[in-house]
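Peer 1: Data: final00.tsv, TSV, C-alpha atoms.
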```
chain	number	residue	atom	x	y	z
A	1	MET	CA	5.56	-22.37	5.49
A	2	ILE	CA	6.29	-21.18	1.95
A	3	ALA	CA	3.26	-20.64	-0.29
A	4	GLY	CA	3.07	-19.84	-3.99
A	5	THR	CA	0.69	-19.85	-6.94
A	6	SER	CA	1.71	-20.33	-10.58
A	7	THR	CA	5.23	-18.89	-11.00
A	8	GLY	CA	5.24	-18.31	-7.24
A	9	ALA	CA	4.87	-22.06	-6.80
A	10	LEU	CA	8.00	-22.61	-8.91
A	11	ILE	CA	9.94	-20.25	-6.66
A	12	ALA	CA	8.48	-21.97	-3.58
A	13	ALA	CA	9.48	-25.38	-5.00
A	14	MET	CA	13.07	-24.20	-5.45
A	15	LEU	CA	13.09	-23.00	-1.82
A	16	VAL	CA	11.84	-26.30	-0.37
A	17	THR	CA	13.86	-28.80	-2.44
A	18	PRO	CA	17.59	-29.57	-2.36
A	19	LYS	CA	19.64	-27.88	-5.07
A	20	ASP	CA	21.31	-31.23	-5.89
A	21	ASP	CA	22.03	-34.68	-4.48
A	22	LYS	CA	25.24	-33.53	-2.80
A	23	THR	CA	23.64	-30.99	-0.47
A	24	LYS	CA	20.35	-30.54	1.35
A	25	ARG	CA	20.34	-26.79	0.99
A	26	PRO	CA	17.79	-25.16	-1.35
A	27	ARG	CA	18.70	-22.70	-4.08
A	28	THR	CA	19.61	-19.17	-3.13
A	29	ALA	CA	17.75	-16.14	-4.50
A	30	GLU	CA	20.66	-15.53	-6.89
A	31	GLU	CA	20.45	-19.12	-8.17
A	32	ILE	CA	16.67	-18.87	-8.61
A	33	LYS	CA	17.19	-15.71	-10.64
A	34	ASP	CA	19.63	-17.60	-12.89
A	35	VAL	CA	17.06	-20.37	-13.41
A	36	TYR	CA	14.54	-17.81	-14.65
A	37	ARG	CA	17.10	-16.18	-16.91
A	38	GLU	CA	17.86	-19.53	-18.49
A	39	LEU	CA	14.35	-20.94	-18.51
A	40	GLY	CA	12.27	-17.90	-19.51
A	41	PRO	CA	13.24	-17.70	-23.21
A	42	LYS	CA	12.87	-21.49	-23.58
A	43	ILE	CA	9.33	-21.51	-22.17
A	44	PHE	CA	8.23	-18.31	-23.90
A	45	PRO	CA	10.13	-18.06	-27.19
A	46	PRO	CA	9.61	-14.70	-28.93
A	47	MET	CA	6.89	-14.61	-31.59
A	48	SER	CA	4.87	-12.05	-33.48
A	49	ARG	CA	1.50	-10.93	-32.18
A	50	ALA	CA	-0.26	-12.33	-35.26
A	51	TRP	CA	1.34	-15.76	-34.81
A	52	LYS	CA	0.42	-15.77	-31.12
A	53	VAL	CA	-3.24	-15.04	-31.93
A	54	LEU	CA	-3.27	-17.78	-34.57
A	55	LEU	CA	-1.84	-20.33	-32.11
A	56	MET	CA	-4.35	-19.26	-29.46
A	57	LEU	CA	-7.21	-20.08	-31.85
A	58	CYS	CA	-5.83	-23.59	-32.32
A	59	GLY	CA	-4.92	-24.53	-28.74
A	60	PRO	CA	-2.37	-23.57	-26.05
A	61	ILE	CA	0.13	-21.00	-27.33
A	62	TYR	CA	3.28	-22.57	-25.90
A	63	LYS	CA	4.71	-26.06	-25.85
A	64	PRO	CA	4.72	-27.35	-22.26
A	65	LYS	CA	7.78	-29.61	-22.53
A	66	PRO	CA	10.50	-27.05	-21.55
A	67	LEU	CA	8.52	-26.00	-18.46
A	68	HIS	CA	7.54	-29.53	-17.45
A	69	ASP	CA	11.07	-30.87	-17.91
A	70	LYS	CA	12.52	-28.12	-15.71
A	71	ILE	CA	9.91	-28.67	-13.00
A	72	LYS	CA	10.71	-32.39	-12.92
A	73	GLU	CA	14.44	-31.61	-12.80
A	74	ILE	CA	13.90	-29.28	-9.83
A	75	THR	CA	11.51	-31.47	-7.83
A	76	GLY	CA	12.68	-34.95	-8.81
A	77	GLU	CA	10.51	-37.69	-7.29
A	78	LEU	CA	9.71	-35.76	-4.11
A	79	SER	CA	6.13	-35.76	-2.91
A	80	LEU	CA	4.53	-32.83	-1.08
A	81	ASP	CA	5.37	-34.28	2.35
A	82	GLN	CA	9.07	-34.82	1.54
A	83	THR	CA	10.08	-31.17	1.13
A	84	LEU	CA	12.69	-29.41	3.27
A	85	THR	CA	9.97	-27.29	4.84
A	86	THR	CA	6.20	-26.99	4.52
A	87	ILE	CA	4.87	-25.81	1.16
A	88	LEU	CA	1.36	-24.73	0.16
A	89	VAL	CA	0.17	-24.49	-3.46
A	90	PRO	CA	-3.32	-23.44	-4.64
A	91	VAL	CA	-4.64	-25.11	-7.82
A	92	PHE	CA	-7.99	-25.12	-9.64
A	93	ASP	CA	-9.78	-28.35	-10.59
A	94	VAL	CA	-11.74	-27.87	-13.83
A	95	ARG	CA	-13.57	-31.18	-13.45
A	96	ARG	CA	-15.33	-29.98	-10.32
A	97	LEU	CA	-14.93	-26.22	-10.89
A	98	PHE	CA	-13.39	-26.10	-7.45
A	99	PRO	CA	-10.28	-24.43	-5.98
A	100	ILE	CA	-7.99	-26.81	-4.09
A	101	VAL	CA	-5.17	-26.02	-1.68
A	102	LEU	CA	-2.47	-28.71	-1.61
A	103	SER	CA	0.11	-28.66	1.17
A	104	SER	CA	2.69	-30.72	3.04
A	105	TYR	CA	0.43	-31.09	6.08
A	106	LYS	CA	-1.07	-34.51	6.74
A	107	LEU	CA	-4.71	-35.03	5.88
A	108	ARG	CA	-6.84	-35.44	8.98
A	109	GLY	CA	-10.00	-37.38	9.59
A	110	LYS	CA	-11.22	-40.95	9.42
A	111	ASP	CA	-9.53	-43.04	6.71
A	112	ARG	CA	-7.50	-40.04	5.45
A	113	GLU	CA	-4.14	-40.77	7.05
A	114	GLU	CA	-3.33	-43.46	4.49
A	115	VAL	CA	-3.77	-41.06	1.57
A	116	MET	CA	-0.46	-40.52	-0.21
A	117	LYS	CA	0.64	-37.00	-1.03
A	118	PRO	CA	0.96	-36.22	-4.78
A	119	LYS	CA	4.31	-35.55	-6.40
A	120	LEU	CA	5.50	-31.96	-6.11
A	121	SER	CA	6.16	-31.99	-9.87
A	122	ASP	CA	2.49	-32.76	-10.65
A	123	VAL	CA	1.32	-30.00	-8.31
A	124	CYS	CA	3.69	-27.43	-9.86
A	125	ILE	CA	2.77	-28.43	-13.42
A	126	GLY	CA	-0.91	-28.08	-12.44
A	127	THR	CA	-0.62	-24.64	-10.85
A	128	THR	CA	1.38	-23.26	-13.81
A	129	ALA	CA	-1.10	-24.51	-16.44
A	130	ALA	CA	-2.32	-21.02	-17.32
A	131	PRO	CA	-5.35	-21.20	-19.66
A	132	THR	CA	-4.51	-20.36	-23.31
A	133	TYR	CA	-0.77	-20.58	-22.52
A	134	PHE	CA	-0.35	-24.22	-21.41
A	135	PRO	CA	-2.54	-27.34	-21.40
A	136	ALA	CA	-4.39	-28.47	-18.28
A	137	HIS	CA	-2.69	-31.22	-16.26
A	138	GLU	CA	-4.28	-34.48	-15.16
A	139	PHE	CA	-2.90	-36.93	-12.61
A	140	GLN	CA	-4.10	-39.38	-9.98
A	141	GLY	CA	-3.82	-39.42	-6.20
A	142	TYR	CA	-3.35	-42.69	-4.34
A	143	ARG	CA	-4.13	-44.34	-1.01
A	144	ARG	CA	-1.94	-47.07	0.48
A	145	LEU	CA	-3.84	-50.08	1.79
A	146	PRO	CA	-2.74	-52.05	4.90
A	147	ASN	CA	-1.28	-54.72	2.61
A	148	GLY	CA	0.95	-52.10	0.94
A	149	ARG	CA	-0.97	-52.00	-2.34
A	150	ARG	CA	-1.81	-48.60	-3.88
A	151	VAL	CA	-5.32	-47.76	-5.06
A	152	ILE	CA	-6.59	-44.61	-6.76
A	153	ASP	CA	-8.00	-42.16	-4.22
A	154	ALA	CA	-8.56	-39.05	-6.34
A	155	ARG	CA	-8.29	-37.70	-9.87
A	156	TYR	CA	-7.01	-34.18	-10.45
A	157	HIS	CA	-7.75	-32.08	-13.56
A	158	LEU	CA	-5.82	-28.91	-12.84
A	159	ILE	CA	-5.18	-25.47	-14.27
A	160	ASP	CA	-3.39	-22.40	-12.93
A	161	GLY	CA	-4.13	-21.85	-9.24
A	162	GLY	CA	-4.30	-18.11	-9.95
A	163	VAL	CA	-7.79	-18.66	-11.38
A	164	GLY	CA	-9.07	-18.89	-7.83
A	165	THR	CA	-6.17	-17.75	-5.62
A	166	ASN	CA	-3.72	-15.46	-7.36
A	167	ASN	CA	-2.32	-14.26	-4.03
A	168	PRO	CA	-2.06	-17.24	-1.62
A	169	THR	CA	-1.27	-15.21	1.51
A	170	MET	CA	-4.69	-15.61	3.13
A	171	GLU	CA	-4.79	-19.29	2.18
A	172	ALA	CA	-1.48	-19.80	4.00
A	173	ILE	CA	-2.71	-17.92	7.09
A	174	THR	CA	-5.98	-19.85	7.28
A	175	LYS	CA	-4.26	-23.19	6.65
A	176	VAL	CA	-2.00	-22.67	9.66
A	177	ALA	CA	-5.03	-21.59	11.70
A	178	SER	CA	-6.81	-24.77	10.62
A	179	GLU	CA	-3.84	-26.93	11.68
A	180	LEU	CA	-3.81	-25.21	15.08
A	181	LEU	CA	-7.54	-25.72	15.58
A	182	CYS	CA	-7.22	-29.37	14.52
A	183	GLU	CA	-4.46	-29.81	17.14
A	184	ASN	CA	-1.62	-30.64	14.79
A	185	PRO	CA	1.08	-32.02	17.13
A	186	ASP	CA	3.72	-29.94	15.29
A	187	PHE	CA	2.12	-26.80	16.76
A	188	PRO	CA	1.70	-25.69	20.38
A	189	ARG	CA	-1.73	-26.28	21.89
A	190	LEU	CA	-4.12	-23.33	21.74
A	191	THR	CA	-5.30	-21.47	24.82
A	192	ASN	CA	-9.13	-21.59	25.03
A	193	ASN	CA	-9.13	-22.86	21.42
A	194	VAL	CA	-8.37	-19.34	20.12
A	195	VAL	CA	-5.80	-18.63	17.39
A	196	ASP	CA	-3.40	-15.84	18.39
A	197	PHE	CA	-2.68	-13.94	15.16
A	198	THR	CA	-0.13	-11.74	16.92
A	199	LYS	CA	2.26	-14.71	16.68
A	200	TYR	CA	2.04	-14.79	12.88
A	201	VAL	CA	4.92	-13.37	10.85
A	202	VAL	CA	4.10	-12.99	7.15
A	203	ILE	CA	6.20	-11.84	4.19
A	204	SER	CA	4.21	-11.49	0.97
A	205	VAL	CA	6.02	-10.78	-2.32
A	206	GLY	CA	3.89	-9.87	-5.34
A	207	THR	CA	4.64	-10.23	-9.03
A	208	GLY	CA	3.88	-6.60	-9.86
A	209	SER	CA	0.89	-4.30	-10.26
A	210	PHE	CA	0.09	-0.97	-11.90
A	211	LYS	CA	0.86	2.39	-10.31
A	212	GLU	CA	-2.15	3.79	-8.49
A	213	ASP	CA	-1.85	7.19	-10.22
A	214	MET	CA	-1.82	5.48	-13.64
A	215	MET	CA	-4.63	3.01	-13.10
A	216	GLU	CA	-6.73	3.99	-16.12
A	217	VAL	CA	-5.99	0.76	-17.96
A	218	TYR	CA	-9.42	0.26	-19.53
A	219	THR	CA	-12.48	2.52	-19.80
A	220	ALA	CA	-16.21	1.72	-19.74
A	221	LYS	CA	-16.57	3.29	-23.19
A	222	GLU	CA	-13.87	1.00	-24.55
A	223	CYS	CA	-15.25	-2.16	-22.87
A	224	ALA	CA	-18.88	-1.45	-23.80
A	225	GLY	CA	-18.54	-2.72	-27.35
A	226	TRP	CA	-16.28	-5.72	-26.75
A	227	SER	CA	-17.27	-9.17	-27.96
A	228	ALA	CA	-16.59	-12.34	-25.94
A	229	ARG	CA	-13.41	-12.80	-27.96
A	230	GLN	CA	-12.13	-9.30	-27.09
A	231	TRP	CA	-12.83	-9.85	-23.41
A	232	ALA	CA	-10.81	-13.07	-23.61
A	233	PHE	CA	-7.96	-11.54	-25.62
A	234	HIS	CA	-7.55	-8.00	-26.96
A	235	ILE	CA	-5.43	-8.22	-30.09
A	236	ARG	CA	-4.32	-4.57	-30.19
A	237	ARG	CA	-3.25	-4.61	-26.55
A	238	ALA	CA	-2.04	-8.24	-26.71
A	239	ARG	CA	-3.62	-8.78	-23.28
A	240	SER	CA	-6.54	-10.63	-21.75
A	241	PRO	CA	-8.78	-7.96	-20.16
A	242	ILE	CA	-10.87	-10.46	-18.19
A	243	ALA	CA	-7.73	-12.09	-16.77
A	244	ASP	CA	-6.30	-8.66	-15.89
A	245	MET	CA	-9.45	-7.73	-14.00
A	246	PHE	CA	-9.81	-10.99	-12.07
A	247	THR	CA	-6.11	-10.99	-11.17
A	248	HIS	CA	-5.89	-7.42	-9.93
A	249	ALA	CA	-9.20	-7.60	-8.06
A	250	SER	CA	-8.05	-10.75	-6.25
A	251	ASN	CA	-4.64	-9.27	-5.40
A	252	PHE	CA	-6.14	-6.08	-3.97
A	253	GLN	CA	-8.79	-7.86	-1.89
A	254	VAL	CA	-6.38	-10.38	-0.39
A	255	ASP	CA	-3.78	-7.74	0.43
A	256	PHE	CA	-6.36	-5.46	2.05
A	257	ASN	CA	-7.97	-8.31	4.03
A	258	VAL	CA	-4.62	-9.56	5.34
A	259	ALA	CA	-3.54	-6.03	6.28
A	260	MET	CA	-6.84	-5.49	8.16
A	261	LEU	CA	-6.43	-8.81	9.96
A	262	PHE	CA	-3.08	-7.70	11.34
A	263	HIS	CA	-4.30	-4.16	12.04
A	264	SER	CA	-7.28	-5.50	14.00
A	265	HIS	CA	-4.95	-7.54	16.22
A	266	GLY	CA	-2.54	-4.66	16.78
A	267	CYS	CA	0.35	-6.38	15.02
A	268	GLU	CA	0.55	-4.68	11.61
A	269	GLY	CA	4.34	-4.76	11.96
A	270	ASN	CA	4.19	-8.57	11.57
A	271	TYR	CA	3.03	-8.29	7.94
A	272	LEU	CA	5.33	-7.17	5.13
A	273	ARG	CA	3.98	-6.81	1.60
A	274	ILE	CA	6.43	-6.01	-1.20
A	275	GLN	CA	4.91	-5.23	-4.57
A	276	ALA	CA	6.44	-3.59	-7.65
A	277	MET	CA	4.25	-0.82	-9.08
A	278	VAL	CA	4.87	-0.17	-12.77
A	279	ASP	CA	3.49	1.97	-15.57
A	280	PRO	CA	0.56	0.09	-17.23
A	281	SER	CA	1.70	1.31	-20.64
A	282	SER	CA	4.84	-0.80	-20.32
A	283	ASN	CA	4.90	-4.50	-21.13
A	284	ASN	CA	7.01	-5.49	-18.11
A	285	LEU	CA	4.26	-7.50	-16.41
A	286	SER	CA	3.19	-9.54	-19.42
A	287	MET	CA	3.50	-13.16	-18.33
A	288	ASP	CA	5.17	-14.32	-21.54
A	289	ASN	CA	7.55	-11.41	-22.10
A	290	ALA	CA	10.77	-13.32	-21.47
A	291	THR	CA	13.12	-11.38	-23.70
A	292	ALA	CA	16.62	-10.80	-22.33
A	293	GLU	CA	15.88	-7.08	-22.21
A	294	ASN	CA	12.72	-7.48	-20.14
A	295	MET	CA	14.32	-10.05	-17.83
A	296	GLU	CA	17.07	-7.56	-17.01
A	297	GLU	CA	14.48	-4.81	-16.55
A	298	LEU	CA	12.54	-6.98	-14.09
A	299	ILE	CA	15.74	-7.67	-12.14
A	300	THR	CA	16.42	-3.93	-12.02
A	301	ILE	CA	12.87	-3.30	-10.75
A	302	GLY	CA	13.32	-5.95	-8.06
A	303	GLN	CA	16.65	-4.54	-6.91
A	304	GLY	CA	15.15	-1.05	-6.82
A	305	LEU	CA	12.34	-2.31	-4.59
A	306	LEU	CA	14.85	-3.10	-1.85
A	307	LYS	CA	15.85	0.57	-1.64
A	308	GLU	CA	12.29	1.91	-1.65
A	309	PRO	CA	10.74	3.04	1.64
A	310	LEU	CA	8.31	0.70	3.36
A	311	ALA	CA	4.64	1.28	2.49
A	312	ARG	CA	1.63	-0.19	4.27
A	313	VAL	CA	-2.05	-0.42	3.33
A	314	ASP	CA	-4.04	2.52	4.72
A	315	LYS	CA	-6.94	1.07	6.71
A	316	ARG	CA	-9.19	3.93	5.58
A	317	THR	CA	-8.49	4.03	1.84
A	318	GLY	CA	-6.98	0.62	1.12
A	319	MET	CA	-4.13	2.33	-0.74
A	320	TYR	CA	-0.44	2.11	0.04
A	321	ARG	CA	1.20	4.94	1.95
A	322	LYS	CA	4.20	5.50	4.18
A	323	PRO	CA	3.52	4.62	7.84
A	324	ASP	CA	3.22	7.46	10.35
A	325	GLY	CA	6.08	8.39	12.63
A	326	GLY	CA	9.21	9.71	10.96
A	327	GLU	CA	11.27	8.34	8.10
A	328	PRO	CA	10.16	4.76	7.29
A	329	PRO	CA	12.68	1.96	6.88
A	330	THR	CA	13.42	0.58	3.42
A	331	ASN	CA	12.08	-2.77	2.22
A	332	GLN	CA	15.58	-4.20	2.61
A	333	MET	CA	15.76	-3.07	6.24
A	334	GLU	CA	12.37	-4.66	6.91
A	335	LEU	CA	13.41	-7.90	5.24
A	336	GLU	CA	16.50	-7.99	7.44
A	337	ARG	CA	14.33	-7.42	10.53
A	338	PHE	CA	11.99	-10.26	9.52
A	339	ALA	CA	15.00	-12.49	8.80
A	340	ARG	CA	16.27	-11.93	12.36
A	341	ILE	CA	12.82	-12.78	13.79
A	342	LEU	CA	12.60	-16.00	11.77
A	343	SER	CA	16.22	-16.93	12.47
A	344	ASN	CA	15.73	-16.52	16.22
A	345	GLU	CA	12.52	-18.57	16.05
A	346	ARG	CA	14.29	-21.32	14.14
A	347	ARG	CA	17.17	-21.34	16.62
A	348	GLY	CA	14.75	-21.56	19.55
A	349	ARG	CA	12.89	-24.49	17.98
A	350	LEU	CA	16.12	-26.41	17.38
A	351	GLN	CA	17.17	-25.84	20.97
A	352	ASN	CA	13.80	-27.12	22.21
A	353	GLU	CA	14.08	-30.20	20.00
A	354	ALA	CA	17.56	-30.88	21.39
A	355	LEU	CA	16.28	-30.56	24.97
A	356	GLN	CA	13.38	-32.91	24.29
A	357	ALA	CA	15.72	-35.46	22.70
A	358	ALA	CA	18.08	-35.23	25.71
A	359	LYS	CA	15.18	-35.91	28.10
A	360	LEU	CA	14.17	-39.00	26.15
A	361	ASN	CA	17.72	-40.33	26.29
```
Show me the file's structure as structure tokens.
Peer 2:
Amino acid sequence: MIAGTSTGALIAAMLVTPKDDKTKRPRTAEEIKDVYRELGPKIFPPMSRAWKVLLMLCGPIYKPKPLHDKIKEITGELSLDQTLTTILVPVFDVRRLFPIVLSSYKLRGKDREEVMKPKLSDVCIGTTAAPTYFPAHEFQGYRRLPNGRRVIDARYHLIDGGVGTNNPTMEAITKVASELLCENPDFPRLTNNVVDFTKYVVISVGTGSFKEDMMEVYTAKECAGWSARQWAFHIRRARSPIADMFTHASNFQVDFNVAMLFHSHGCEGNYLRIQAMVDPSSNNLSMDNATAENMEELITIGQGLLKEPLARVDKRTGMYRKPDGGEPPTNQMELERFARILSNERRGRLQNEALQAAKLN
């Protein structure tokens, strides 16, 4: 499974859809990087702070067409259940004030099997509809009747999935657990109806956070006098304090909870979290900073992460530190180890499928 929220969902979509009609292979990491280089300045054209504030008072800051057109180009007419591998995307429905997790897995339960999966393009447009930046996205879900006719089954009114699930790692873990407990035939049957978390292998890649020794981003004295408008958007900082706080709180809690889940089952080595830690005084992590200079800086940060030593969440403090026991491997070495695990698993599954097919013949 590949899971992603907001921009993570775009990356996930590029990993689960064919690059073009001539091949079934998805885009490589290098090709995804090129898409961002090309797309970033078109989605987030440079503008002055004053003009941005003025646009924010009138509606969404950015025109959605460049983003929507690229999403449709990437995903085509594919629905969620037609991807190369399973995808999971959290979204938030403003009509019901309810977080929703959409995935490739079939819906289960009475009268649910005939429900048609939504288009991947609609899901990606929904999860990237960041409030104040892009408009919310509305579309309909359908059910196919026995006579072949489609009828409306659901109405979606979506905004950025990061509102409820900025880091989808735990959602992905629990979704797989749910499929196991519901006896999805694509999974092996459980022993005593108990999910074995030691068989999970999870790679979680963040979109950046602030360095722990430089975490004084806001102060109580500063926040004490803020109006509702300043909480929503601080003009001098050109940031949304309330969004910063929700986002970082969610990221920390999910990362800590996932790390403790693996620690408690004695398999902490099955979870790899890679997160860039930057100086909060820089503007690297601003969602709409898509200048050529910042794009190159982000690429440099990402490449530097590969060479950094592995760090894990300390179960006592919740902070990152090097694991005990000698010199830790680098993130690149860990990624290569995980790649071997996943490659061997994939090879074993293909061999089993071939054996089953041979028995049937």
Peer 1: For a quick check of understanding, using only C-alpha atoms, which of A:Asp93, A:Glu114, A:Glu171, A:Glu222 has the smallest distance to Val151 (chain A)?
Peer 2: A:Glu114
Peer 1: Of the residues A:Arg149, A:Lys52, A:Lys42, A:Arg312, which is the one nearest to Lys65 (chain A), using only C-alpha atoms?
Peer 2: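 Ranking A:Arg149, A:Lys52, A:Lys42, A:Arg312 by distance to Lys65 (chain A), first place goes to A:Lys42.
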Peer 1: Identify which of the residues A:Gln303, A:Thr132, A:Thr174, A:Ser343 lies closest to Thr330 (chain A), counting only C-alpha atoms when measuring atom-to-atom distances.
Peer 2: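 Result for the nearest residue to Thr330 (chain A): A:Gln303.
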Peer 1: Hey, can you check how far CA of Pro64 (chain A) sits from CA of Phe134 (chain A)?
Peer 2: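 It comes out at 6.0 Å.
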Peer 1: Find the nearest atom pair between each residue of region 27-125 of chain A and region 5-16 of chain A for residues within 8 Å, count only C-alpha atoms, give distances in Å to one decimal, sort rows by chain and ascending number, and present the table as a tab-separated table.
Peer 2:
```
residue	atom	partner	partner_atom	distance
A:Arg27	CA	A:Met14	CA	6.0
A:Thr28	CA	A:Leu15	CA	7.7
A:Ile32	CA	A:Ile11	CA	7.1
A:Ile71	CA	A:Leu10	CA	7.6
A:Ile74	CA	A:Met14	CA	6.8
A:Thr75	CA	A:Ala13	CA	7.0
A:Thr83	CA	A:Val16	CA	5.4
A:Leu84	CA	A:Val16	CA	4.9
A:Thr85	CA	A:Val16	CA	5.6
A:Thr86	CA	A:Val16	CA	7.5
A:Ile87	CA	A:Ala12	CA	7.1
A:Val89	CA	A:Thr5	CA	5.8
A:Pro90	CA	A:Thr5	CA	5.9
A:Val91	CA	A:Thr5	CA	7.5
A:Leu120	CA	A:Ala13	CA	7.8
A:Cys124	CA	A:Ala9	CA	6.3
```
Peer 1: Let me make sure I understand: among A:Lys315, A:His248, A:His137, A:Arg346, which one has the smallest atom-to-atom distance to Gly162 (chain A) if we use all atoms listed in the file?
Peer 2: A:His248
Peer 1: What gap, in Å, lies between CA of Asp255 (chain A) and CA of Leu80 (chain A)?
Peer 2: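 Result for CA of Asp255 (chain A) versus CA of Leu80 (chain A): 26.5 Å, one decimal.
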Peer 1: I'd like the neighbourhood of Arg95 (chain A) as number ranges by chain, where a residue qualifies if any of its atoms comes within 12 Å (using all atoms listed in the file), though same-chain residues fewer than 6 positions away should be ignored.
Peer 2: A: 136-138, 154-159
Peer 1: Give me the residues near Pro46 (chain A) as a PyMOL selection string, where near means some atom within 8 Å (using only C-alpha atoms) and where sequence neighbours in that chain fewer than 4 positions away do not count.
Peer 2: chain A and resi 41+289-291
Peer 1: Could you list, as a PyMOL selection string, every residue within 12 Å of Ile301 (chain A), counting only C-alpha atoms and ignoring same-chain residues fewer than 3 positions away?
Peer 2: chain A and resi 207-208+274-279+284-285+294-298+304-308
Peer 1: Measuring between all atoms listed in the file, which one of A:Val35, A:Arg236, A:Thr165, A:Tyr271 shows the shortest distance to Phe98 (chain A)?
Peer 2: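 Comparing A:Val35, A:Arg236, A:Thr165, A:Tyr271 against Phe98 (chain A), the winner is A:Thr165.
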Peer 1: Find the residues near Cys223 (chain A): any atom within 10 Å, counting all atoms listed in the file, skip ones fewer than 6 places away on the same chain, and give them as a list in words.
Peer 2: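 Once the adjacent positions are removed, what remains is Gln230, Trp231 and Pro241 of chain A.
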Peer 1: Can region 196-211 of chain A be brought up to N, CA and C atoms and written out as a PDB file, keeping the file's coordinate frame?
Peer 2:
```pdb
ATOM      1  N   ASP A 196      -4.020 -17.119  18.073  1.00  0.00           N
ATOM      2  CA  ASP A 196      -3.400 -15.840  18.390  1.00  0.00           C
ATOM      3  C   ASP A 196      -2.658 -15.335  17.145  1.00  0.00           C
ATOM      4  N   PHE A 197      -3.287 -14.433  16.403  1.00  0.00           N
ATOM      5  CA  PHE A 197      -2.680 -13.940  15.160  1.00  0.00           C
ATOM      6  C   PHE A 197      -1.492 -13.023  15.401  1.00  0.00           C
ATOM      7  N   THR A 198      -1.295 -12.582  16.636  1.00  0.00           N
ATOM      8  CA  THR A 198      -0.130 -11.740  16.920  1.00  0.00           C
ATOM      9  C   THR A 198       1.166 -12.543  16.818  1.00  0.00           C
ATOM     10  N   LYS A 199       1.064 -13.872  16.801  1.00  0.00           N
ATOM     11  CA  LYS A 199       2.260 -14.710  16.680  1.00  0.00           C
ATOM     12  C   LYS A 199       2.604 -15.036  15.227  1.00  0.00           C
ATOM     13  N   TYR A 200       1.755 -14.604  14.304  1.00  0.00           N
ATOM     14  CA  TYR A 200       2.040 -14.790  12.880  1.00  0.00           C
ATOM     15  C   TYR A 200       3.089 -13.791  12.410  1.00  0.00           C
ATOM     16  N   VAL A 201       3.962 -14.242  11.538  1.00  0.00           N
ATOM     17  CA  VAL A 201       4.920 -13.370  10.850  1.00  0.00           C
ATOM     18  C   VAL A 201       4.819 -13.701   9.369  1.00  0.00           C
ATOM     19  N   VAL A 202       4.412 -12.722   8.563  1.00  0.00           N
ATOM     20  CA  VAL A 202       4.100 -12.990   7.150  1.00  0.00           C
ATOM     21  C   VAL A 202       4.860 -12.035   6.239  1.00  0.00           C
ATOM     22  N   ILE A 203       5.571 -12.610   5.275  1.00  0.00           N
ATOM     23  CA  ILE A 203       6.200 -11.840   4.190  1.00  0.00           C
ATOM     24  C   ILE A 203       5.490 -12.228   2.904  1.00  0.00           C
ATOM     25  N   SER A 204       4.941 -11.247   2.212  1.00  0.00           N
ATOM     26  CA  SER A 204       4.210 -11.490   0.970  1.00  0.00           C
ATOM     27  C   SER A 204       4.871 -10.709  -0.158  1.00  0.00           C
ATOM     28  N   VAL A 205       5.332 -11.414  -1.185  1.00  0.00           N
ATOM     29  CA  VAL A 205       6.020 -10.780  -2.320  1.00  0.00           C
ATOM     30  C   VAL A 205       5.170 -10.942  -3.566  1.00  0.00           C
ATOM     31  N   GLY A 206       4.745  -9.837  -4.149  1.00  0.00           N
ATOM     32  CA  GLY A 206       3.890  -9.870  -5.340  1.00  0.00           C
ATOM     33  C   GLY A 206       4.696  -9.963  -6.614  1.00  0.00           C
ATOM     34  N   THR A 207       3.981 -10.140  -7.722  1.00  0.00           N
ATOM     35  CA  THR A 207       4.640 -10.230  -9.030  1.00  0.00           C
ATOM     36  C   THR A 207       4.405  -8.959  -9.856  1.00  0.00           C
ATOM     37  N   GLY A 208       4.012  -7.880  -9.182  1.00  0.00           N
ATOM     38  CA  GLY A 208       3.880  -6.600  -9.860  1.00  0.00           C
ATOM     39  C   GLY A 208       2.444  -6.181 -10.076  1.00  0.00           C
ATOM     40  N   SER A 209       2.204  -4.870 -10.010  1.00  0.00           N
ATOM     41  CA  SER A 209       0.890  -4.300 -10.260  1.00  0.00           C
ATOM     42  C   SER A 209       1.099  -2.936 -10.920  1.00  0.00           C
ATOM     43  N   PHE A 210      -0.008  -2.261 -11.230  1.00  0.00           N
ATOM     44  CA  PHE A 210       0.090  -0.970 -11.900  1.00  0.00           C
ATOM     45  C   PHE A 210       0.083   0.165 -10.879  1.00  0.00           C
ATOM     46  N   LYS A 211       0.797   1.233 -11.204  1.00  0.00           N
ATOM     47  CA  LYS A 211       0.860   2.390 -10.310  1.00  0.00           C
ATOM     48  C   LYS A 211      -0.533   2.964 -10.102  1.00  0.00           C
TER      49      LYS A 211
END
```
